[in-house]
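As stored in coords.csv (CSV, C-alpha atoms and all ligand atoms):
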```csv
chain,number,residue,atom,x,y,z
A,1,MET,CA,0.0,0.0,0.0
A,2,ALA,CA,3.0,2.3,0.3
A,3,TYR,CA,4.8,4.2,-2.5
A,4,GLY,CA,6.7,1.9,-4.9
A,5,ASP,CA,9.9,2.2,-6.9
A,6,ALA,CA,9.7,4.4,-10.0
A,7,LYS,CA,11.6,1.6,-11.9
A,8,GLY,CA,8.9,-0.9,-11.0
A,9,TYR,CA,8.3,-3.9,-8.8
A,10,VAL,CA,11.5,-5.9,-8.6
A,11,PRO,CA,10.0,-9.5,-9.1
A,12,LEU,CA,8.2,-8.2,-12.2
A,13,ARG,CA,11.3,-6.6,-13.6
A,14,GLU,CA,13.1,-9.9,-13.0
A,15,ALA,CA,10.4,-11.9,-14.7
A,16,ILE,CA,10.3,-9.6,-17.7
A,17,ALA,CA,14.1,-9.7,-18.1
A,18,GLU,CA,14.1,-13.5,-18.1
A,19,TYR,CA,11.2,-13.7,-20.5
A,20,LEU,CA,12.7,-11.2,-23.0
A,21,GLY,CA,16.1,-13.0,-22.9
A,22,ALA,CA,14.5,-16.3,-23.7
A,23,ALA,CA,11.7,-15.3,-26.1
A,24,ARG,CA,13.1,-12.2,-27.9
A,25,ALA,CA,16.9,-12.5,-27.6
A,26,VAL,CA,16.9,-9.2,-25.7
A,27,ARG,CA,20.2,-8.8,-23.8
A,28,CYS,CA,19.5,-7.1,-20.4
A,29,GLU,CA,19.7,-7.4,-16.7
A,30,PRO,CA,16.6,-6.8,-14.6
A,31,SER,CA,18.1,-3.5,-13.5
A,32,GLN,CA,17.7,-2.2,-17.1
A,33,VAL,CA,14.0,-3.0,-17.2
A,34,LEU,CA,11.6,-0.2,-16.2
A,35,VAL,CA,7.9,-1.0,-15.8
A,36,THR,CA,5.6,1.6,-17.5
A,37,THR,CA,1.9,2.0,-18.0
A,38,GLY,CA,2.3,0.7,-21.6
A,39,SER,CA,4.2,1.4,-24.8
A,40,GLN,CA,2.7,4.9,-24.9
A,41,GLN,CA,4.5,5.9,-21.7
A,42,GLY,CA,7.6,4.2,-22.9
A,43,LEU,CA,7.6,6.4,-26.0
A,44,GLN,CA,6.9,9.5,-24.0
A,45,LEU,CA,9.7,8.8,-21.6
A,46,SER,CA,12.1,8.0,-24.4
A,47,ALA,CA,11.3,11.3,-26.2
A,48,GLN,CA,11.6,13.3,-22.9
A,49,VAL,CA,14.9,11.7,-21.9
A,50,LEU,CA,16.7,11.4,-25.3
A,51,LEU,CA,15.4,14.1,-27.6
A,52,ASP,CA,15.2,17.9,-27.6
A,53,ALA,CA,12.6,20.1,-29.2
A,54,ASN,CA,13.2,20.6,-33.0
A,55,GLU,CA,15.5,17.6,-33.3
A,56,GLN,CA,14.7,15.3,-36.2
A,57,VAL,CA,13.4,11.8,-35.7
A,58,TRP,CA,12.7,9.2,-38.5
A,59,VAL,CA,9.2,7.7,-38.3
A,60,GLU,CA,7.9,4.9,-40.5
A,61,GLU,CA,5.6,5.9,-43.3
A,62,PRO,CA,3.0,4.5,-42.8
A,63,GLY,CA,3.4,4.2,-39.1
A,64,TYR,CA,1.7,4.0,-35.7
A,65,PRO,CA,-0.2,7.2,-35.0
A,66,GLY,CA,0.3,6.8,-31.2
A,67,ALA,CA,4.1,7.1,-31.6
A,68,ARG,CA,3.8,10.1,-33.8
A,69,GLN,CA,1.6,11.8,-31.1
A,70,ALA,CA,4.0,11.0,-28.3
A,71,LEU,CA,7.0,12.4,-30.4
A,72,MET,CA,5.1,15.5,-31.5
A,73,MET,CA,4.2,16.3,-27.9
A,74,ALA,CA,7.9,16.4,-27.2
A,75,GLY,CA,8.3,19.0,-30.0
A,76,VAL,CA,10.6,16.9,-32.2
A,77,LYS,CA,10.4,17.1,-36.0
A,78,LEU,CA,9.1,14.0,-37.6
A,79,VAL,CA,10.9,12.8,-40.8
A,80,PRO,CA,8.6,10.2,-42.5
A,81,VAL,CA,10.7,7.4,-44.1
A,82,PRO,CA,8.9,4.9,-46.4
A,83,VAL,CA,8.5,1.3,-45.6
A,84,ASP,CA,8.8,-1.3,-48.4
A,85,HIS,CA,8.8,-5.1,-48.4
A,86,GLU,CA,12.1,-5.2,-46.5
A,87,GLY,CA,10.9,-2.8,-43.8
A,88,LEU,CA,12.1,0.8,-43.2
A,89,ASP,CA,14.1,2.1,-46.2
A,90,VAL,CA,17.2,3.1,-44.3
A,91,ALA,CA,19.0,4.5,-47.3
A,92,GLU,CA,16.1,6.8,-48.0
A,93,GLY,CA,16.2,7.8,-44.3
A,94,ILE,CA,19.8,8.7,-44.6
A,95,ARG,CA,19.0,10.7,-47.8
A,96,ARG,CA,16.2,12.6,-46.1
A,97,ALA,CA,17.9,13.3,-42.7
A,98,ARG,CA,21.3,11.8,-42.2
A,99,SER,CA,21.9,13.6,-38.9
A,100,ALA,CA,18.6,12.8,-37.3
A,101,HIS,CA,18.8,12.2,-33.6
A,102,GLY,CA,16.6,9.1,-33.5
A,103,VAL,CA,14.3,6.6,-35.2
A,104,TYR,CA,11.0,5.0,-34.1
A,105,ILE,CA,10.6,1.6,-35.6
A,106,THR,CA,8.5,-1.6,-35.3
A,107,PRO,CA,11.0,-4.1,-36.9
A,108,SER,CA,9.5,-7.4,-35.9
A,109,HIS,CA,6.0,-6.7,-37.2
A,110,GLN,CA,5.7,-3.3,-38.9
A,111,TYR,CA,2.6,-1.4,-37.8
A,112,PRO,CA,0.4,-1.3,-39.8
A,113,LEU,CA,1.8,-3.1,-42.9
A,114,GLY,CA,3.0,-6.2,-41.1
A,115,VAL,CA,6.4,-6.4,-42.8
A,116,THR,CA,9.3,-8.0,-40.9
A,117,MET,CA,12.5,-6.0,-41.3
A,118,THR,CA,15.2,-7.9,-43.1
A,119,ALA,CA,18.6,-8.7,-41.6
A,120,THR,CA,20.4,-6.4,-44.1
A,121,ARG,CA,18.2,-3.5,-43.2
A,122,ARG,CA,18.7,-4.1,-39.5
A,123,MET,CA,22.4,-4.0,-39.9
A,124,LEU,CA,22.2,-0.9,-42.0
A,125,LEU,CA,20.1,0.8,-39.4
A,126,LEU,CA,22.4,-0.2,-36.5
A,127,HIS,CA,25.4,1.0,-38.5
A,128,TRP,CA,23.8,4.4,-39.2
A,129,ALA,CA,22.8,4.8,-35.5
A,130,MET,CA,26.3,3.9,-34.3
A,131,ARG,CA,28.0,6.3,-36.7
A,132,SER,CA,25.7,9.2,-36.1
A,133,GLY,CA,25.0,8.6,-32.4
A,134,ALA,CA,21.3,8.4,-33.0
A,135,TRP,CA,18.8,6.5,-30.8
A,136,ILE,CA,16.8,3.6,-32.0
A,137,ILE,CA,13.4,3.3,-30.3
A,138,GLU,CA,12.3,-0.3,-31.0
A,139,ASP,CA,8.5,-0.9,-30.4
A,140,ASP,CA,8.0,-4.7,-30.1
A,141,TYR,CA,4.3,-4.5,-29.4
A,142,ASP,CA,2.9,-7.8,-30.6
A,143,SER,CA,5.9,-10.1,-31.6
A,144,GLU,CA,4.6,-12.9,-29.4
A,145,TYR,CA,2.1,-13.7,-32.0
A,146,ARG,CA,4.0,-14.9,-35.0
A,147,LEU,CA,1.5,-17.2,-36.8
A,148,GLY,CA,3.7,-18.3,-39.7
A,149,GLY,CA,7.4,-18.4,-40.5
A,150,ARG,CA,10.3,-18.3,-38.0
A,151,PRO,CA,10.4,-16.1,-34.9
A,152,ILE,CA,12.4,-13.0,-35.4
A,153,ALA,CA,14.8,-11.8,-32.7
A,154,SER,CA,14.8,-8.2,-31.5
A,155,LEU,CA,17.0,-5.4,-32.9
A,156,GLN,CA,18.1,-4.7,-29.3
A,157,GLY,CA,19.8,-8.2,-29.2
A,158,LEU,CA,22.0,-7.2,-32.2
A,159,ASP,CA,23.0,-3.8,-30.9
A,160,THR,CA,26.6,-3.7,-29.6
A,161,ASP,CA,26.7,0.1,-29.1
A,162,ALA,CA,23.9,0.6,-26.5
A,163,ARG,CA,21.8,2.7,-29.1
A,164,VAL,CA,18.5,0.8,-28.7
A,165,ILE,CA,15.7,1.6,-26.4
A,166,TYR,CA,13.4,-1.5,-26.4
A,167,ILE,CA,9.7,-0.9,-25.7
A,168,GLY,CA,7.2,-3.7,-24.9
A,169,THR,CA,3.6,-3.9,-23.7
A,170,PHE,CA,1.2,-6.3,-22.1
A,171,SER,CA,-1.7,-4.6,-24.0
A,172,LYS,CA,-1.6,-7.1,-26.8
A,173,VAL,CA,-0.4,-10.2,-25.0
A,174,MET,CA,-2.7,-9.7,-22.0
A,175,PHE,CA,-5.2,-6.8,-22.4
A,176,PRO,CA,-5.0,-3.0,-22.8
A,177,ALA,CA,-6.9,-2.1,-19.6
A,178,LEU,CA,-4.0,-3.6,-17.6
A,179,ARG,CA,-1.9,-0.6,-18.5
A,180,LEU,CA,1.4,-2.3,-18.0
A,181,GLY,CA,4.4,-2.3,-20.3
A,182,TYR,CA,8.2,-1.9,-20.0
A,183,VAL,CA,11.2,-0.2,-21.5
A,184,VAL,CA,14.7,-1.8,-21.6
A,185,VAL,CA,17.3,0.9,-21.6
A,186,PRO,CA,21.1,0.9,-21.7
A,187,LYS,CA,22.7,0.8,-18.2
A,188,ASP,CA,23.8,4.5,-18.3
A,189,LEU,CA,20.3,5.7,-19.0
A,190,VAL,CA,18.5,3.8,-16.2
A,191,GLU,CA,18.6,6.7,-13.7
A,192,ALA,CA,17.5,9.3,-16.3
A,193,PHE,CA,14.5,7.2,-17.2
A,194,SER,CA,13.7,6.5,-13.6
A,195,THR,CA,13.8,10.2,-12.7
A,196,ALA,CA,11.6,11.1,-15.7
A,197,ARG,CA,9.1,8.4,-14.6
A,198,ASP,CA,9.1,9.6,-11.0
A,199,ALA,CA,8.4,13.1,-12.2
A,200,THR,CA,5.5,12.0,-14.4
A,201,ASP,CA,3.3,9.7,-12.3
A,202,GLN,CA,5.7,8.1,-9.9
A,203,PHE,CA,5.1,4.3,-10.5
A,204,SER,CA,2.6,1.7,-11.8
A,205,SER,CA,0.1,0.1,-9.5
A,206,THR,CA,1.9,-2.4,-7.3
A,207,LEU,CA,-1.1,-4.7,-7.0
A,208,TYR,CA,-1.2,-5.3,-10.8
A,209,GLN,CA,2.5,-5.6,-11.0
A,210,ALA,CA,2.6,-8.2,-8.3
A,211,ALA,CA,-0.3,-10.2,-9.8
A,212,LEU,CA,1.4,-10.2,-13.2
A,213,ALA,CA,4.8,-11.2,-11.7
A,214,ASP,CA,3.0,-14.3,-10.1
A,215,PHE,CA,1.2,-15.0,-13.4
A,216,ILE,CA,4.5,-15.1,-15.3
A,217,ARG,CA,6.5,-17.0,-12.6
A,218,GLU,CA,3.8,-19.7,-12.2
A,219,GLY,CA,3.8,-20.5,-15.9
A,220,HIS,CA,0.4,-19.2,-16.8
A,221,PHE,CA,1.7,-16.5,-19.0
A,222,ALA,CA,3.6,-18.9,-21.3
A,223,ARG,CA,0.5,-21.2,-21.5
A,224,HIS,CA,-1.7,-18.2,-22.2
A,225,ILE,CA,0.6,-17.2,-25.2
A,226,ARG,CA,0.6,-20.7,-26.6
A,227,ARG,CA,-3.2,-21.0,-26.3
A,228,MET,CA,-3.8,-17.6,-27.8
A,229,ARG,CA,-1.4,-18.2,-30.7
A,230,MET,CA,-3.6,-21.2,-31.7
A,231,LEU,CA,-6.8,-19.1,-31.3
A,232,TYR,CA,-5.5,-16.1,-33.3
A,233,LEU,CA,-4.2,-18.5,-36.0
A,234,GLN,CA,-7.7,-19.9,-36.4
A,235,ARG,CA,-9.2,-16.4,-36.5
A,236,ARG,CA,-6.7,-15.1,-39.0
A,237,THR,CA,-7.4,-18.1,-41.2
A,238,ALA,CA,-11.1,-17.5,-40.9
A,239,LEU,CA,-10.7,-13.8,-41.8
A,240,VAL,CA,-8.4,-14.4,-44.8
A,241,ASP,CA,-10.6,-17.2,-46.1
A,242,THR,CA,-13.8,-15.2,-45.7
A,243,ILE,CA,-12.3,-12.2,-47.5
A,244,ARG,CA,-11.1,-14.5,-50.3
A,245,GLN,CA,-14.6,-16.0,-50.7
A,246,GLN,CA,-16.6,-12.8,-50.5
A,247,LEU,CA,-14.4,-9.9,-51.4
A,248,SER,CA,-11.5,-11.2,-53.5
A,249,ASN,CA,-12.2,-8.7,-56.3
A,250,LYS,CA,-12.1,-5.7,-53.9
A,251,LEU,CA,-9.7,-6.5,-51.1
A,252,THR,CA,-6.0,-7.6,-51.2
A,253,VAL,CA,-4.8,-8.9,-47.9
A,254,ILE,CA,-1.2,-8.1,-46.8
A,255,GLY,CA,0.7,-8.5,-43.5
A,256,ALA,CA,-1.2,-11.5,-42.2
A,257,GLU,CA,1.9,-13.4,-40.9
A,258,ALA,CA,1.8,-12.2,-37.3
A,259,GLY,CA,0.0,-10.2,-34.7
A,260,MET,CA,-3.7,-9.6,-34.4
A,261,HIS,CA,-4.5,-7.5,-37.4
A,262,LEU,CA,-4.0,-7.5,-41.1
A,263,VAL,CA,-4.3,-4.9,-43.8
A,264,ALA,CA,-6.8,-5.2,-46.7
A,265,LEU,CA,-5.9,-2.9,-49.6
A,266,LEU,CA,-8.7,-1.3,-51.5
A,267,PRO,CA,-8.8,-0.7,-55.3
A,268,ARG,CA,-7.4,2.7,-56.3
A,269,GLY,CA,-10.0,5.5,-56.1
A,270,LEU,CA,-12.0,4.1,-53.2
A,271,SER,CA,-11.8,6.2,-50.0
A,272,ASP,CA,-10.8,4.2,-47.0
A,273,VAL,CA,-12.0,7.0,-44.7
A,274,ALA,CA,-15.5,6.9,-46.2
A,275,ILE,CA,-15.7,3.1,-46.0
A,276,SER,CA,-14.4,3.1,-42.5
A,277,LEU,CA,-17.1,5.6,-41.4
A,278,ARG,CA,-19.8,3.6,-43.1
A,279,ALA,CA,-18.5,0.4,-41.5
A,280,ALA,CA,-18.6,2.1,-38.1
A,281,GLU,CA,-22.3,2.9,-38.6
A,282,MET,CA,-22.8,-0.8,-39.1
A,283,GLY,CA,-20.9,-1.7,-36.0
A,284,ILE,CA,-17.6,-2.7,-37.6
A,285,SER,CA,-14.3,-1.3,-36.6
A,286,ALA,CA,-12.1,-1.0,-39.7
A,287,MET,CA,-9.4,1.8,-39.3
A,288,PRO,CA,-8.5,3.5,-42.6
A,289,LEU,CA,-4.9,2.8,-43.6
A,290,SER,CA,-4.5,6.4,-44.8
A,291,SER,CA,-4.7,7.5,-41.1
A,292,CYS,CA,-1.3,6.0,-40.6
A,293,TYR,CA,0.3,8.2,-43.4
A,294,THR,CA,1.5,11.8,-43.1
A,295,LYS,CA,0.6,12.3,-46.9
A,296,PRO,CA,-2.4,10.7,-48.6
A,297,PRO,CA,-1.3,7.3,-50.1
A,298,LEU,CA,-1.9,6.2,-53.7
A,299,VAL,CA,-3.9,3.2,-52.4
A,300,GLY,CA,-6.2,3.1,-49.4
A,301,GLY,CA,-6.9,0.1,-47.2
A,302,LEU,CA,-8.6,-1.1,-44.0
A,303,ILE,CA,-6.8,-2.3,-40.9
A,304,LEU,CA,-8.8,-5.3,-39.7
A,305,GLY,CA,-8.2,-6.6,-36.1
A,306,TYR,CA,-9.3,-10.1,-35.4
A,307,GLY,CA,-8.0,-10.7,-31.8
A,308,GLY,CA,-11.4,-10.3,-30.2
A,309,THR,CA,-13.7,-11.6,-32.9
A,310,ASP,CA,-14.8,-15.2,-33.3
A,311,ALA,CA,-15.3,-17.0,-36.7
A,312,ARG,CA,-19.0,-16.4,-36.7
A,313,GLN,CA,-18.6,-12.6,-36.1
A,314,ILE,CA,-15.8,-12.5,-38.7
A,315,HIS,CA,-18.2,-14.1,-41.3
A,316,ASP,CA,-21.0,-11.7,-40.5
A,317,GLY,CA,-18.6,-8.7,-40.3
A,318,ILE,CA,-17.2,-9.3,-43.8
A,319,ARG,CA,-20.6,-9.7,-45.2
A,320,ARG,CA,-21.6,-6.3,-43.9
A,321,LEU,CA,-18.2,-4.8,-45.0
A,322,ALA,CA,-18.9,-6.0,-48.5
A,323,MET,CA,-22.1,-4.1,-48.5
A,324,CYS,CA,-20.3,-0.9,-47.3
A,325,ILE,CA,-17.7,-1.2,-50.1
B,401,LIG,C1,2.5,-0.2,-32.9
B,401,LIG,C2,1.8,-0.2,-31.5
B,401,LIG,N1,2.6,0.0,-30.4
B,401,LIG,C3,2.0,-0.1,-29.2
B,401,LIG,C4,0.7,-0.4,-29.0
B,401,LIG,C5,0.1,-0.5,-27.6
B,401,LIG,O1,0.2,0.6,-26.9
B,401,LIG,P1,0.0,0.6,-25.3
B,401,LIG,O2,1.0,-0.3,-24.7
B,401,LIG,O3,0.2,2.0,-24.9
B,401,LIG,O4,-1.4,0.1,-25.0
B,401,LIG,C6,-0.1,-0.6,-30.1
B,401,LIG,C7,-1.6,-0.8,-30.0
B,401,LIG,O5,-2.3,-0.9,-30.8
B,401,LIG,C8,0.5,-0.5,-31.4
B,401,LIG,O6,-0.2,-0.7,-32.5
```
Could you render the structure from this file as structure tokens?
Amino acid sequence: MAYGDAKGYVPLREAIAEYLGAARAVRCEPSQVLVTTGSQQGLQLSAQVLLDANEQVWVEEPGYPGARQALMMAGVKLVPVPVDHEGLDVAEGIRRARSAHGVYITPSHQYPLGVTMTATRRMLLLHWAMRSGAWIIEDDYDSEYRLGGRPIASLQGLDTDARVIYIGTFSKVMFPALRLGYVVVPKDLVEAFSTARDATDQFSSTLYQAALADFIREGHFARHIRRMRMLYLQRRTALVDTIRQQLSNKLTVIGAEAGMHLVALLPRGLSDVAISLRAAEMGISAMPLSSCYTKPPLVGGLILGYGGTDARQIHDGIRRLAMCI
């Protein structure tokens, strides 16, 4: 019931460090793990500690609007860098802003397109960061749920120069209302992050941290991930099959290899915003892909989440979506 440590509840930090080492090849000691209220706070703290107003930061184009918001609140200048089939185009980033101070990136499962960054691009990015002294803010928000292909290790695990801030969350793997996540920071930044956290909202609820630490230590967390991976695989298959049956002439599915969402590209000329609004009226949540771009894209699309939707709802939802389109 008393005040807790700004860095987080020690048994939870230990459990997270052990889990990240085994599952994500993150190299860290528990002392480098700080518990947050989710990725959003991890991003906010990173911006506050590492970046000054008007400094340039690369962001993925398209990219996660939440990250852009956090970075913009810190007053930094966003430099959109395109994402292609290999992930962030590092060479283009260098062309646009070689001396940027940081980059925000989702290399394991790019949000929203679902691309996995190739090894070549990872090495290029690390090399650029090392040479220019830039920070890499790695958001590994849903990498637990790889549904096909081999698991991909974190960028943090490849970093030999302490340039990567690794951000994770329990929002996807558990549930968003828990509001628990973490940042893994280089050793010499632990105190600065801890001070920033203390000044913001002191610390995360000890009760939830203690319950989660037990949940992980007693093996429930690992079992939960295994069970949910099977469930999401079934739901992903149901969604892809239903789109193929009912909307193959209108929607092209991309990025369905991992996570809990996929992108369905629309034919040129159709407005994803208009379709999304129409779908919302019919009780379907389908975020417009264009909302993840800083400039309007040539092709629109819909971001379709399937984590909380069973096969029957998916079938019914796609039938209604077809009417909207
Ligand atoms: C790319 C990305 N990062 C992080 C999150 C989760 O944020 P938080 O941990 O603040 O709930 C999401 C949720 O949709 C996301 O898409």
Legend entry - Near-ligand residues for ligand LIG 401 (chain B), threshold 6 Å, all atoms listed in the file, as a PyMOL selection string: chain A and resi 38-40+64+111+139+141+169+171+176+181
Inset, instruction - Please provide the set of residues having any atom within 9 Å of Phe221 of chain A, restricted to all atoms listed in the file, with same-chain residues fewer than 4 positions apart removed, written as a list in words. - result: Val173, Met174, Leu212, Phe215, Ile216, Arg217, Ile225 and Arg226 of chain A
Once you have the residues from the selection above, write them out as a JSON list (two decimals), in the frame of the given file, restricted to C-alpha atoms.
```
[["chain", "number", "residue", "atom", "x", "y", "z"],
["A", 173, "VAL", "CA", -0.40, -10.20, -25.00],
["A", 174, "MET", "CA", -2.70, -9.70, -22.00],
["A", 212, "LEU", "CA", 1.40, -10.20, -13.20],
["A", 215, "PHE", "CA", 1.20, -15.00, -13.40],
["A", 216, "ILE", "CA", 4.50, -15.10, -15.30],
["A", 217, "ARG", "CA", 6.50, -17.00, -12.60],
["A", 225, "ILE", "CA", 0.60, -17.20, -25.20],
["A", 226, "ARG", "CA", 0.60, -20.70, -26.60]]
```
Which residues come within 12 Å of Leu113 of chain A, counting all atoms listed in the file, excluding same-chain residues fewer than 6 positions away, as a JSON list (two decimals) with C-alpha atoms, keeping the file's coordinate frame?
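Dumped to around36.json:
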```
[["chain", "number", "residue", "atom", "x", "y", "z"],
["A", 60, "GLU", "CA", 7.90, 4.90, -40.50],
["A", 61, "GLU", "CA", 5.60, 5.90, -43.30],
["A", 62, "PRO", "CA", 3.00, 4.50, -42.80],
["A", 63, "GLY", "CA", 3.40, 4.20, -39.10],
["A", 64, "TYR", "CA", 1.70, 4.00, -35.70],
["A", 82, "PRO", "CA", 8.90, 4.90, -46.40],
["A", 83, "VAL", "CA", 8.50, 1.30, -45.60],
["A", 84, "ASP", "CA", 8.80, -1.30, -48.40],
["A", 85, "HIS", "CA", 8.80, -5.10, -48.40],
["A", 86, "GLU", "CA", 12.10, -5.20, -46.50],
["A", 87, "GLY", "CA", 10.90, -2.80, -43.80],
["A", 88, "LEU", "CA", 12.10, 0.80, -43.20],
["A", 106, "THR", "CA", 8.50, -1.60, -35.30],
["A", 107, "PRO", "CA", 11.00, -4.10, -36.90],
["A", 253, "VAL", "CA", -4.80, -8.90, -47.90],
["A", 254, "ILE", "CA", -1.20, -8.10, -46.80],
["A", 255, "GLY", "CA", 0.70, -8.50, -43.50],
["A", 256, "ALA", "CA", -1.20, -11.50, -42.20],
["A", 257, "GLU", "CA", 1.90, -13.40, -40.90],
["A", 258, "ALA", "CA", 1.80, -12.20, -37.30],
["A", 259, "GLY", "CA", 0.00, -10.20, -34.70],
["A", 261, "HIS", "CA", -4.50, -7.50, -37.40],
["A", 262, "LEU", "CA", -4.00, -7.50, -41.10],
["A", 263, "VAL", "CA", -4.30, -4.90, -43.80],
["A", 264, "ALA", "CA", -6.80, -5.20, -46.70],
["A", 265, "LEU", "CA", -5.90, -2.90, -49.60],
["A", 289, "LEU", "CA", -4.90, 2.80, -43.60],
["A", 290, "SER", "CA", -4.50, 6.40, -44.80],
["A", 292, "CYS", "CA", -1.30, 6.00, -40.60],
["A", 293, "TYR", "CA", 0.30, 8.20, -43.40],
["A", 301, "GLY", "CA", -6.90, 0.10, -47.20],
["A", 302, "LEU", "CA", -8.60, -1.10, -44.00],
["A", 303, "ILE", "CA", -6.80, -2.30, -40.90],
["A", 304, "LEU", "CA", -8.80, -5.30, -39.70]]
```
Do you have, as a Markdown table, the list of residues of segment 180-247 of chain A lying at most 7 Å from segment 45-53 of chain A, each with its nearest atom pair and that distance in Å to one decimal, counting all atoms listed in the file and ordered by chain then number?
```
| residue | atom | partner | partner_atom | distance |
| --- | --- | --- | --- | --- |
| A:Ala192 | CA | A:Val49 | CA | 6.6 |
| A:Phe193 | CA | A:Val49 | CA | 6.5 |
| A:Ala196 | CA | A:Leu45 | CA | 6.6 |
```
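Between atom CA of Ala74 of chain A and atom CA of Cys28 of chain A the interatomic distance comes to 27.1 Å.
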